[in-house]
$ cat run.pdb   # PDB, C-alpha atoms
MODEL        1
ATOM      1  CA  MET X   1     -29.522 -30.353  -9.760
ATOM      2  CA  PRO X   2     -30.808 -31.648  -6.388
ATOM      3  CA  THR X   3     -29.589 -30.003  -3.199
ATOM      4  CA  VAL X   4     -27.223 -32.160  -1.143
ATOM      5  CA  HIS X   5     -27.556 -31.976   2.639
ATOM      6  CA  PHE X   6     -24.649 -33.190   4.769
ATOM      7  CA  PRO X   7     -25.566 -34.634   8.171
ATOM      8  CA  SER X   8     -24.281 -32.531  11.044
ATOM      9  CA  THR X   9     -22.551 -33.893  14.124
ATOM     10  CA  PRO X  10     -24.302 -32.891  17.363
ATOM     11  CA  GLY X  11     -22.174 -30.416  19.293
ATOM     12  CA  ALA X  12     -19.754 -29.882  16.397
ATOM     13  CA  ARG X  13     -18.705 -26.364  15.446
ATOM     14  CA  PRO X  14     -16.338 -24.936  12.845
ATOM     15  CA  ARG X  15     -12.841 -24.154  14.004
ATOM     16  CA  THR X  16     -12.073 -20.556  14.856
ATOM     17  CA  PRO X  17      -9.411 -18.672  12.839
ATOM     18  CA  TYR X  18      -7.044 -19.109  15.798
ATOM     19  CA  GLU X  19      -7.714 -22.846  16.049
ATOM     20  CA  ASN X  20      -7.063 -23.281  12.343
ATOM     21  CA  LEU X  21      -3.460 -22.128  12.816
ATOM     22  CA  PRO X  22      -0.732 -24.725  13.432
ATOM     23  CA  VAL X  23       0.294 -25.076  17.086
ATOM     24  CA  LEU X  24       3.583 -23.173  16.733
ATOM     25  CA  ALA X  25       1.879 -20.390  14.805
ATOM     26  CA  ARG X  26      -0.622 -19.899  17.635
ATOM     27  CA  LYS X  27       2.222 -18.932  19.958
ATOM     28  CA  LEU X  28       3.437 -16.320  17.481
ATOM     29  CA  TYR X  29      -0.145 -15.130  16.992
ATOM     30  CA  LYS X  30      -0.493 -14.582  20.741
ATOM     31  CA  HIS X  31       2.840 -12.753  20.815
ATOM     32  CA  GLU X  32       1.604 -10.261  18.202
ATOM     33  CA  GLU X  33      -1.560  -9.778  20.241
ATOM     34  CA  ALA X  34       0.540  -9.083  23.341
ATOM     35  CA  LEU X  35       2.669  -6.572  21.428
ATOM     36  CA  SER X  36      -0.495  -4.773  20.373
ATOM     37  CA  GLU X  37      -1.767  -4.626  23.958
ATOM     38  CA  GLN X  38       1.589  -3.340  25.186
ATOM     39  CA  ALA X  39       1.680  -0.666  22.503
ATOM     40  CA  TYR X  40      -1.843   0.443  23.406
ATOM     41  CA  ALA X  41      -1.023   0.541  27.113
ATOM     42  CA  ARG X  42       2.117   2.562  26.370
ATOM     43  CA  TYR X  43       0.128   5.009  24.268
ATOM     44  CA  GLU X  44      -2.590   5.327  26.899
ATOM     45  CA  ALA X  45      -0.014   6.042  29.607
ATOM     46  CA  LYS X  46       1.559   8.728  27.439
ATOM     47  CA  GLN X  47      -1.800  10.296  26.656
ATOM     48  CA  ASN X  48      -2.848  10.309  30.341
ATOM     49  CA  ARG X  49       0.413  11.946  31.401
ATOM     50  CA  ALA X  50       0.127  14.498  28.574
ATOM     51  CA  ALA X  51      -3.418  15.313  29.723
ATOM     52  CA  GLU X  52      -2.141  15.916  33.284
ATOM     53  CA  ILE X  53       0.571  18.247  31.990
ATOM     54  CA  ARG X  54      -1.857  20.154  29.783
ATOM     55  CA  ARG X  55      -4.251  20.479  32.715
ATOM     56  CA  GLY X  56      -1.451  21.954  34.840
ATOM     57  CA  ILE X  57      -0.551  24.401  32.074
ATOM     58  CA  ALA X  58      -4.203  25.457  31.708
ATOM     59  CA  GLU X  59      -4.509  26.005  35.473
ATOM     60  CA  ALA X  60      -1.343  28.123  35.497
ATOM     61  CA  ARG X  61      -2.599  30.239  32.587
ATOM     62  CA  LEU X  62      -5.960  30.743  34.253
ATOM     63  CA  GLU X  63      -4.251  31.770  37.502
ATOM     64  CA  ALA X  64      -1.996  34.175  35.581
ATOM     65  CA  LEU X  65      -5.008  35.720  33.839
ATOM     66  CA  GLN X  66      -6.884  36.148  37.108
ATOM     67  CA  ASN X  67      -3.793  37.745  38.660
ATOM     68  CA  GLU X  68      -3.536  40.222  35.774
ATOM     69  CA  ARG X  69      -7.136  41.318  36.369
ATOM     70  CA  GLU X  70      -6.509  42.079  40.034
ATOM     71  CA  PRO X  71      -6.283  45.770  41.034
ATOM     72  CA  ASN X  72      -2.742  45.115  42.298
ATOM     73  CA  PRO X  73      -1.310  42.101  40.395
ATOM     74  CA  SER X  74       1.230  40.040  42.298
ATOM     75  CA  GLU X  75       4.622  39.886  40.641
ATOM     76  CA  GLU X  76       5.472  36.680  42.511
ATOM     77  CA  VAL X  77       2.284  34.955  41.281
ATOM     78  CA  ALA X  78       2.983  36.074  37.707
ATOM     79  CA  LYS X  79       6.526  34.697  37.827
ATOM     80  CA  ASP X  80       5.357  31.442  39.398
ATOM     81  CA  CYS X  81       2.680  30.979  36.739
ATOM     82  CA  ALA X  82       5.160  31.735  33.938
ATOM     83  CA  ARG X  83       7.578  29.191  35.403
ATOM     84  CA  ARG X  84       4.912  26.505  35.666
ATOM     85  CA  ILE X  85       3.744  27.133  32.090
ATOM     86  CA  ALA X  86       7.292  26.979  30.713
ATOM     87  CA  GLU X  87       8.127  23.833  32.689
ATOM     88  CA  GLY X  88       4.875  22.170  31.606
ATOM     89  CA  GLU X  89       5.447  22.927  27.919
ATOM     90  CA  ALA X  90       9.044  21.669  28.147
ATOM     91  CA  GLU X  91       7.901  18.471  29.878
ATOM     92  CA  LEU X  92       5.172  17.961  27.287
ATOM     93  CA  ALA X  93       7.658  18.317  24.421
ATOM     94  CA  ALA X  94      10.087  15.934  26.138
ATOM     95  CA  LEU X  95       7.295  13.412  26.703
ATOM     96  CA  GLU X  96       6.316  13.434  23.028
ATOM     97  CA  LYS X  97       9.941  13.125  21.891
ATOM     98  CA  HIS X  98      10.629  10.272  24.304
ATOM     99  CA  PHE X  99       7.535   8.428  23.080
ATOM    100  CA  GLU X 100       8.499   8.869  19.421
ATOM    101  CA  ASP X 101      12.083   7.738  20.090
ATOM    102  CA  GLU X 102      10.832   4.718  22.013
ATOM    103  CA  ILE X 103       8.412   3.723  19.259
ATOM    104  CA  ARG X 104      11.164   4.088  16.656
ATOM    105  CA  LEU X 105      13.413   1.674  18.537
ATOM    106  CA  LEU X 106      10.741  -0.921  19.311
ATOM    107  CA  PRO X 107      10.469  -3.870  16.896
ATOM    108  CA  GLY X 108       6.815  -3.176  16.123
ATOM    109  CA  GLY X 109       3.859  -5.534  16.060
ATOM    110  CA  PHE X 110       1.651  -6.877  13.289
ATOM    111  CA  TRP X 111      -1.402  -7.934  15.250
ATOM    112  CA  GLN X 112      -3.896  -6.578  12.724
ATOM    113  CA  VAL X 113      -2.013  -8.240   9.858
ATOM    114  CA  VAL X 114      -2.024 -11.727  11.386
ATOM    115  CA  GLN X 115      -5.576 -11.314  12.672
ATOM    116  CA  ASP X 116      -6.894 -10.418   9.209
ATOM    117  CA  PHE X 117      -4.909 -13.260   7.651
ATOM    118  CA  ALA X 118      -6.248 -15.824  10.134
ATOM    119  CA  LYS X 119      -9.831 -14.694   9.502
ATOM    120  CA  ALA X 120      -9.434 -14.712   5.722
ATOM    121  CA  ASN X 121      -7.913 -18.216   5.746
ATOM    122  CA  ALA X 122      -9.967 -19.805   8.534
ATOM    123  CA  LEU X 123     -11.124 -22.609   6.221
ATOM    124  CA  ARG X 124      -7.839 -23.086   4.387
ATOM    125  CA  PRO X 125      -5.359 -25.799   5.453
ATOM    126  CA  LEU X 126      -2.148 -24.328   6.887
ATOM    127  CA  LYS X 127       1.096 -25.954   7.982
ATOM    128  CA  SER X 128       4.177 -24.924   9.955
ATOM    129  CA  TYR X 129       7.148 -23.862   7.837
ATOM    130  CA  ASN X 130       9.796 -23.968  10.609
ATOM    131  CA  PHE X 131      12.282 -21.656   8.927
ATOM    132  CA  LYS X 132      15.851 -21.951  10.233
ATOM    133  CA  CYS X 133      19.250 -20.734   9.095
ATOM    134  CA  GLU X 134      22.751 -20.120  10.416
ATOM    135  CA  LEU X 135      23.218 -16.717  12.032
ATOM    136  CA  SER X 136      26.278 -14.822  13.198
ATOM    137  CA  ASP X 137      26.552 -13.401  16.694
ATOM    138  CA  ASP X 138      25.748  -9.908  15.394
ATOM    139  CA  LEU X 139      21.985 -10.202  14.972
ATOM    140  CA  PHE X 140      21.630  -6.483  14.343
ATOM    141  CA  ALA X 141      23.965  -6.710  11.306
ATOM    142  CA  GLU X 142      22.092  -9.791  10.098
ATOM    143  CA  HIS X 143      18.813  -7.909  10.321
ATOM    144  CA  GLU X 144      20.226  -4.882   8.484
ATOM    145  CA  SER X 145      21.499  -7.141   5.689
ATOM    146  CA  CYS X 146      17.943  -8.457   5.310
ATOM    147  CA  ARG X 147      16.680  -4.889   5.151
ATOM    148  CA  ALA X 148      19.161  -4.055   2.367
ATOM    149  CA  ALA X 149      18.384  -7.267   0.464
ATOM    150  CA  LEU X 150      14.659  -6.616   0.713
ATOM    151  CA  ALA X 151      15.086  -3.065  -0.613
ATOM    152  CA  GLY X 152      17.117  -4.445  -3.517
ATOM    153  CA  LYS X 153      14.472  -7.013  -4.435
ATOM    154  CA  ARG X 154      11.743  -4.406  -4.322
ATOM    155  CA  GLU X 155      13.786  -2.216  -6.653
ATOM    156  CA  GLU X 156      14.126  -5.185  -9.017
ATOM    157  CA  ALA X 157      10.360  -5.656  -9.020
ATOM    158  CA  GLU X 158       9.789  -1.968  -9.732
ATOM    159  CA  ALA X 159      12.347  -2.079 -12.546
ATOM    160  CA  ILE X 160      10.463  -4.968 -14.167
ATOM    161  CA  LYS X 161       7.171  -3.091 -13.888
ATOM    162  CA  ARG X 162       8.695   0.084 -15.384
ATOM    163  CA  ALA X 163      10.724  -1.661 -18.107
ATOM    164  CA  HIS X 164       9.956  -0.649 -21.689
ATOM    165  CA  VAL X 165       7.850  -2.927 -23.818
ATOM    166  CA  PRO X 166       9.356  -4.262 -27.097
ATOM    167  CA  ALA X 167       9.335  -1.901 -30.090
ATOM    168  CA  ALA X 168       6.879  -4.138 -31.935
ATOM    169  CA  VAL X 169       4.268  -3.530 -29.213
ATOM    170  CA  ILE X 170       4.662   0.245 -29.567
ATOM    171  CA  GLU X 171       4.419   0.112 -33.342
ATOM    172  CA  SER X 172       1.388  -2.157 -33.133
ATOM    173  CA  ALA X 173      -0.422   0.352 -30.886
ATOM    174  CA  ILE X 174       0.181   3.123 -33.440
ATOM    175  CA  ASP X 175      -0.874   0.902 -36.350
ATOM    176  CA  ARG X 176      -4.030  -0.038 -34.463
ATOM    177  CA  THR X 177      -4.914   3.630 -33.966
ATOM    178  CA  TYR X 178      -4.365   4.271 -37.682
ATOM    179  CA  SER X 179      -6.584   1.339 -38.628
ATOM    180  CA  GLU X 180      -9.399   2.435 -36.307
ATOM    181  CA  ALA X 181      -9.232   6.027 -37.570
ATOM    182  CA  SER X 182      -9.311   4.938 -41.211
ATOM    183  CA  THR X 183     -12.312   2.680 -40.595
ATOM    184  CA  SER X 184     -14.249   5.472 -38.851
ATOM    185  CA  VAL X 185     -13.672   8.045 -41.589
ATOM    186  CA  GLN X 186     -14.209   5.545 -44.436
ATOM    187  CA  HIS X 187     -17.590   4.694 -42.938
ATOM    188  CA  ALA X 188     -18.579   8.375 -42.975
ATOM    189  CA  LEU X 189     -17.366   8.764 -46.589
ATOM    190  CA  ARG X 190     -19.245   5.689 -47.839
ATOM    191  CA  LYS X 191     -22.508   7.151 -46.567
ATOM    192  CA  LEU X 192     -22.074  10.053 -49.017
ATOM    193  CA  ARG X 193     -22.454   7.705 -52.002
ATOM    194  CA  MET X 194     -26.186   7.211 -51.487
ATOM    195  CA  PRO X 195     -28.901   9.875 -51.095
ATOM    196  CA  ILE X 196     -31.286  10.180 -48.170
ATOM    197  CA  ALA X 197     -34.943   9.380 -48.782
ATOM    198  CA  SER X 198     -37.348  11.497 -46.721
ATOM    199  CA  SER X 199     -40.817  10.363 -45.583
ATOM    200  CA  SER X 200     -42.306  12.171 -48.583
ATOM    201  CA  GLY X 201     -40.073  10.250 -50.962
ATOM    202  CA  ARG X 202     -37.849  13.219 -51.773
ATOM    203  CA  LEU X 203     -34.185  12.376 -52.283
ATOM    204  CA  SER X 204     -31.400  14.614 -50.986
ATOM    205  CA  ALA X 205     -27.646  14.400 -50.734
ATOM    206  CA  GLN X 206     -26.149  13.433 -47.390
ATOM    207  CA  SER X 207     -23.808  15.690 -45.466
ATOM    208  CA  LEU X 208     -20.401  14.570 -44.280
ATOM    209  CA  ASP X 209     -20.575  13.500 -40.625
ATOM    210  CA  LEU X 210     -17.001  13.484 -39.378
ATOM    211  CA  PRO X 211     -16.046  11.544 -36.227
ATOM    212  CA  VAL X 212     -16.813  13.517 -33.075
ATOM    213  CA  SER X 213     -15.767  13.414 -29.425
ATOM    214  CA  THR X 214     -18.216  14.068 -26.598
ATOM    215  CA  ILE X 215     -16.988  15.988 -23.555
ATOM    216  CA  PRO X 216     -18.741  17.572 -20.514
ATOM    217  CA  ASN X 217     -19.484  21.255 -21.087
ATOM    218  CA  GLY X 218     -19.276  22.203 -17.403
ATOM    219  CA  VAL X 219     -22.971  23.088 -16.985
ATOM    220  CA  GLY X 220     -24.417  19.605 -16.808
ATOM    221  CA  GLY X 221     -24.543  18.926 -20.534
ATOM    222  CA  LEU X 222     -22.314  17.481 -23.249
ATOM    223  CA  SER X 223     -20.518  19.154 -26.119
ATOM    224  CA  ARG X 224     -19.730  17.409 -29.383
ATOM    225  CA  ILE X 225     -16.568  18.465 -31.193
ATOM    226  CA  THR X 226     -14.920  17.123 -34.321
ATOM    227  CA  ASP X 227     -12.335  14.451 -33.512
ATOM    228  CA  ALA X 228      -9.435  16.152 -35.298
ATOM    229  CA  ALA X 229      -6.920  13.487 -34.291
ATOM    230  CA  THR X 230      -8.959  10.724 -35.936
ATOM    231  CA  LEU X 231      -9.479  12.855 -39.041
ATOM    232  CA  LEU X 232      -5.760  13.641 -39.363
ATOM    233  CA  PHE X 233      -4.851   9.992 -38.897
ATOM    234  CA  ALA X 234      -7.264   8.922 -41.607
ATOM    235  CA  VAL X 235      -6.219  11.586 -44.147
ATOM    236  CA  PHE X 236      -2.496  11.825 -43.487
ATOM    237  CA  GLY X 237      -2.144   8.430 -41.836
ATOM    238  CA  THR X 238       1.020   7.112 -43.459
ATOM    239  CA  GLU X 239       3.123  10.195 -42.727
ATOM    240  CA  ILE X 240       1.721  10.675 -39.224
ATOM    241  CA  ARG X 241       2.113   7.008 -38.409
ATOM    242  CA  GLU X 242       5.806   6.958 -39.294
ATOM    243  CA  ARG X 243       6.464  10.193 -37.414
ATOM    244  CA  LEU X 244       4.703   8.912 -34.307
ATOM    245  CA  LYS X 245       6.688   5.681 -34.417
ATOM    246  CA  ALA X 246       9.932   7.622 -34.638
ATOM    247  CA  MET X 247       8.883   9.818 -31.700
ATOM    248  CA  ALA X 248       7.722   6.862 -29.591
ATOM    249  CA  LEU X 249      10.906   4.886 -30.207
ATOM    250  CA  ALA X 250      13.222   7.825 -29.518
ATOM    251  CA  GLY X 251      14.991   6.893 -26.287
ATOM    252  CA  HIS X 252      13.447   3.421 -26.313
ATOM    253  CA  ASP X 253      15.530   0.936 -24.312
ATOM    254  CA  ALA X 254      15.321  -1.982 -26.717
ATOM    255  CA  GLU X 255      18.092  -3.932 -24.981
ATOM    256  CA  ASN X 256      16.256  -4.063 -21.634
ATOM    257  CA  ALA X 257      12.712  -4.252 -22.997
ATOM    258  CA  ILE X 258      10.594  -7.009 -21.451
ATOM    259  CA  PRO X 259       7.507  -8.560 -23.100
ATOM    260  CA  LEU X 260       4.365  -8.219 -21.014
ATOM    261  CA  ALA X 261       3.758 -11.975 -21.074
ATOM    262  CA  GLU X 262       7.090 -12.643 -19.337
ATOM    263  CA  ARG X 263       6.648 -10.185 -16.475
ATOM    264  CA  PRO X 264       4.194 -12.135 -14.245
ATOM    265  CA  ALA X 265       6.630 -15.066 -13.936
ATOM    266  CA  MET X 266       9.535 -12.714 -13.239
ATOM    267  CA  LEU X 267       7.571 -10.853 -10.571
ATOM    268  CA  LYS X 268       6.378 -14.105  -9.016
ATOM    269  CA  LYS X 269       9.984 -15.282  -8.704
ATOM    270  CA  ILE X 270      10.981 -12.038  -6.984
ATOM    271  CA  GLU X 271       7.969 -12.295  -4.647
ATOM    272  CA  ALA X 272       9.185 -15.764  -3.597
ATOM    273  CA  GLU X 273      12.665 -14.357  -2.954
ATOM    274  CA  ILE X 274      11.186 -11.490  -0.942
ATOM    275  CA  LEU X 275       9.196 -13.940   1.181
ATOM    276  CA  LYS X 276      12.381 -15.909   1.856
ATOM    277  CA  ILE X 277      14.136 -12.726   3.026
ATOM    278  CA  GLU X 278      11.136 -11.842   5.212
ATOM    279  CA  ARG X 279      11.160 -15.327   6.756
ATOM    280  CA  LYS X 280      14.840 -14.897   7.621
ATOM    281  CA  ALA X 281      14.185 -11.434   9.087
ATOM    282  CA  GLU X 282      11.435 -12.831  11.325
ATOM    283  CA  PHE X 283      13.699 -15.729  12.343
ATOM    284  CA  ILE X 284      16.339 -13.152  13.346
ATOM    285  CA  TYR X 285      13.703 -11.240  15.304
ATOM    286  CA  ARG X 286      12.535 -14.370  17.140
ATOM    287  CA  THR X 287      16.141 -15.393  17.876
ATOM    288  CA  GLY X 288      16.921 -11.918  19.187
ATOM    289  CA  ARG X 289      13.788 -11.921  21.336
ATOM    290  CA  ALA X 290      14.847 -15.255  22.861
ATOM    291  CA  ARG X 291      18.255 -13.745  23.671
ATOM    292  CA  GLY X 292      16.819 -10.475  24.954
ATOM    293  CA  ILE X 293      18.198  -8.497  21.979
ATOM    294  CA  ASN X 294      16.286  -5.817  20.077
ATOM    295  CA  THR X 295      17.290  -6.217  16.429
ATOM    296  CA  GLY X 296      15.540  -3.005  15.405
ATOM    297  CA  PRO X 297      12.276  -2.188  13.616
ATOM    298  CA  ARG X 298      10.783  -5.155  11.792
ATOM    299  CA  LEU X 299      10.473  -5.266   8.015
ATOM    300  CA  ALA X 300       6.654  -5.499   7.808
ATOM    301  CA  PRO X 301       6.745  -8.976   6.252
ATOM    302  CA  SER X 302       3.879 -11.135   5.074
ATOM    303  CA  PRO X 303       1.729 -13.106   7.568
ATOM    304  CA  LEU X 304       3.346 -16.310   6.287
ATOM    305  CA  ALA X 305       6.703 -15.067   7.563
ATOM    306  CA  ILE X 306       5.329 -13.598  10.803
ATOM    307  CA  LEU X 307       3.552 -16.840  11.761
ATOM    308  CA  ASP X 308       6.240 -19.061  10.179
ATOM    309  CA  ILE X 309       3.644 -21.015   8.197
ATOM    310  CA  ASP X 310       2.743 -21.944   4.634
ATOM    311  CA  PHE X 311      -0.330 -23.127   2.802
ATOM    312  CA  ALA X 312      -0.773 -26.904   3.061
TER     313      ALA X 312
ENDMDL
END
$ encode --input "run.pdb" --output "structure tokens"
Amino acid sequence: MPTVHFPSTPGARPRTPYENLPVLARKLYKHEEALSEQAYARYEAKQNRAAEIRRGIAEARLEALQNEREPNPSEEVAKDCARRIAEGEAELAALEKHFEDEIRLLPGGFWQVVQDFAKANALRPLKSYNFKCELSDDLFAEHESCRAALAGKREEAEAIKRAHVPAAVIESAIDRTYSEASTSVQHALRKLRMPIASSSGRLSAQSLDLPVSTIPNGVGGLSRITDAATLLFAVFGTEIRERLKAMALAGHDAENAIPLAERPAMLKKIEAEILKIERKAEFIYRTGRARGINTGPRLAPSPLAILDIDFA
């Protein structure tokens, strides 16, 4: 097939990931970038102050050690050093606690999430979603209701993933194991019917080669052991098969069993509902930000909800 060359436009360049975003999404993208810069600046300020405190503590400990080595240690110097060390350690602990409390109350940013999304979809058409809904005056309660709804949907998804498969699937797996075991042993038994002819023409009876399993022996080699499970299945298959089915189906939740083929559609529906909840949570966050209200930690939603966009 011949290679097709498309003429290029002089001065043209592909759009950047940021330029590929819809106009309204660019504003939200920049906001996440600003949140990241603020968080970094806050962390740097905390680290610099902590370094100053630790330096003061180290100086006080050094001064206390030097005082102890003097022929006549000063009691006043020792007390002053002990006070400075204790005050420094208390201030350091308070600084760390204040930083953790502050971070816990801040809404949190998703700069890396939206940045990775924009890069991964730089050539994909995107459009603004413009999510809107009616909200009460209590934005914090609205946000908490989204948090509870999101937790419920995630539990639903996990329940679908953990749901038992139908009994027929379990029985089929056991029947399949029985069939494979019987085939393996029958093949070994059929070989016994014919003798082996050596290079000299001498005929000899074959030995029974039972199915084997190969496992590492721990010293760099492999050990071959008789596959007892396959042998038992082949010889006592009917009895073992029925016993295994009874054991596997003991406690089986047949009423709530879900076929594997139905689960992808069910999970996809829940994913759509989760995205809708995340869009509402981000709308609450943006509304609260416009009113100067902190609605609490964000729910780590998808980039589609953060940027209020969808695929075109």
$ residues_near_point --input "run.pdb" --point "(-3.5, 5.2, -41.2)" --cutoff "9 Å" --atoms "all atoms listed in the file" --output "JSON, numbers by chain"
{"X": [174, 175, 176, 177, 178, 179, 180, 181, 182, 232, 233, 234, 235, 236, 237, 238, 239, 240, 241]}
$ closest_residue --input "run.pdb" --among "X:Ala159, X:Glu52, X:His164, X:Ser145" --to "Glu91 in chain X" --atoms "all atoms listed in the file"
X:Glu52
$ residues_around --input "run.pdb" --residues "Val23 in chain X" --least-positions-apart "2" --cutoff "12 Å" --atoms "all atoms listed in the file" --output "ChimeraX atom specification"
/X:18-21,25-30,126-130,307-309
$ resolve_selection --input "run.pdb" --expression "the PyMOL selection byres ((chain X and resi 271-273) around 12)" --output "count of residues only"
29
$ residues_around --input "run.pdb" --residues "range 198-212 of chain X" --least-positions-apart "6" --cutoff "7 Å" --atoms "all atoms listed in the file" --output "VMD selection string"
chain X and resid 184 to 185 188 to 189 192 224 to 227
$ residues_around --input "run.pdb" --residues "Gln112 in chain X" --least-positions-apart "6" --cutoff "9 Å" --atoms "all atoms listed in the file" --output "ChimeraX atom specification"
/X:32-33,36
$ resolve_selection --input "run.pdb" --expression "the PyMOL selection byres ((chain X and resi 107) around 7)" --output "PyMOL selection string"
chain X and resi 105-106+108-109+294+296-298
$ closest_residue --input "run.pdb" --among "X:Glu171, X:Glu282, X:Gln186, X:Ala148" --to "Lys245 in chain X" --atoms "all atoms listed in the file"
X:Glu171
$ axis_aligned_box --input "run.pdb" --around "range 18-23 of chain X" --padding-each-side "8 Å" --output "JSON"
{"center_x": -3.7, "center_y": -22.1, "center_z": 14.7, "size_x": 24.0, "size_y": 22.0, "size_z": 20.7}
$ resolve_selection --input "run.pdb" --expression "the PyMOL selection byres ((chain X and resi 82) around 12)" --output "list of chain:residue names"
X:Gly56, X:Ile57, X:Ala58, X:Glu59, X:Ala60, X:Arg61, X:Leu62, X:Glu63, X:Ala64, X:Leu65, X:Asn67, X:Glu75, X:Glu76, X:Val77, X:Ala78, X:Lys79, X:Asp80, X:Cys81, X:Arg83, X:Arg84, X:Ile85, X:Ala86, X:Glu87, X:Gly88, X:Glu89
$ residues_around --input "run.pdb" --residues "Pro17 in chain X" --least-positions-apart "5" --cutoff "6 Å" --atoms "only C-alpha atoms" --output "list of chain:residue names"
X:Ala118, X:Lys119, X:Ala122
$ atom_distance --input "run.pdb" --atom1 "CA of Ile103 in chain X" --atom2 "CA of Ile53 in chain X"
20.8 Å
$ atom_distance --input "run.pdb" --atom1 "CA of His252 in chain X" --atom2 "CA of Ala167 in chain X"
7.7 Å
$ build_atoms --input "run.pdb" --residues "range 239-251 of chain X" --atoms "N, CA and C atoms" --output "tab-separated table (two decimals), in the frame of the given file"
chain	number	residue	atom	x	y	z
X	239	GLU	N	2.08	9.28	-43.21
X	239	GLU	CA	3.12	10.20	-42.73
X	239	GLU	C	3.07	10.34	-41.21
X	240	ILE	N	1.86	10.51	-40.67
X	240	ILE	CA	1.72	10.68	-39.22
X	240	ILE	C	2.15	9.41	-38.50
X	241	ARG	N	1.78	8.27	-39.06
X	241	ARG	CA	2.11	7.01	-38.41
X	241	ARG	C	3.63	6.84	-38.27
X	242	GLU	N	4.36	7.12	-39.35
X	242	GLU	CA	5.81	6.96	-39.29
X	242	GLU	C	6.45	7.96	-38.35
X	243	ARG	N	5.92	9.18	-38.32
X	243	ARG	CA	6.46	10.19	-37.41
X	243	ARG	C	6.22	9.81	-35.95
X	244	LEU	N	5.02	9.32	-35.67
X	244	LEU	CA	4.70	8.91	-34.31
X	244	LEU	C	5.57	7.74	-33.86
X	245	LYS	N	5.83	6.81	-34.77
X	245	LYS	CA	6.69	5.68	-34.42
X	245	LYS	C	8.09	6.16	-34.09
X	246	ALA	N	8.59	7.09	-34.90
X	246	ALA	CA	9.93	7.62	-34.64
X	246	ALA	C	9.99	8.34	-33.30
X	247	MET	N	8.93	9.10	-32.98
X	247	MET	CA	8.88	9.82	-31.70
X	247	MET	C	8.77	8.85	-30.53
X	248	ALA	N	7.93	7.81	-30.69
X	248	ALA	CA	7.72	6.86	-29.59
X	248	ALA	C	8.96	6.03	-29.32
X	249	LEU	N	9.73	5.74	-30.37
X	249	LEU	CA	10.91	4.89	-30.21
X	249	LEU	C	12.17	5.67	-29.90
X	250	ALA	N	12.06	7.01	-29.90
X	250	ALA	CA	13.22	7.82	-29.52
X	250	ALA	C	13.48	7.63	-28.02
X	251	GLY	N	14.67	7.16	-27.69
X	251	GLY	CA	14.99	6.89	-26.29
X	251	GLY	C	14.47	5.56	-25.79
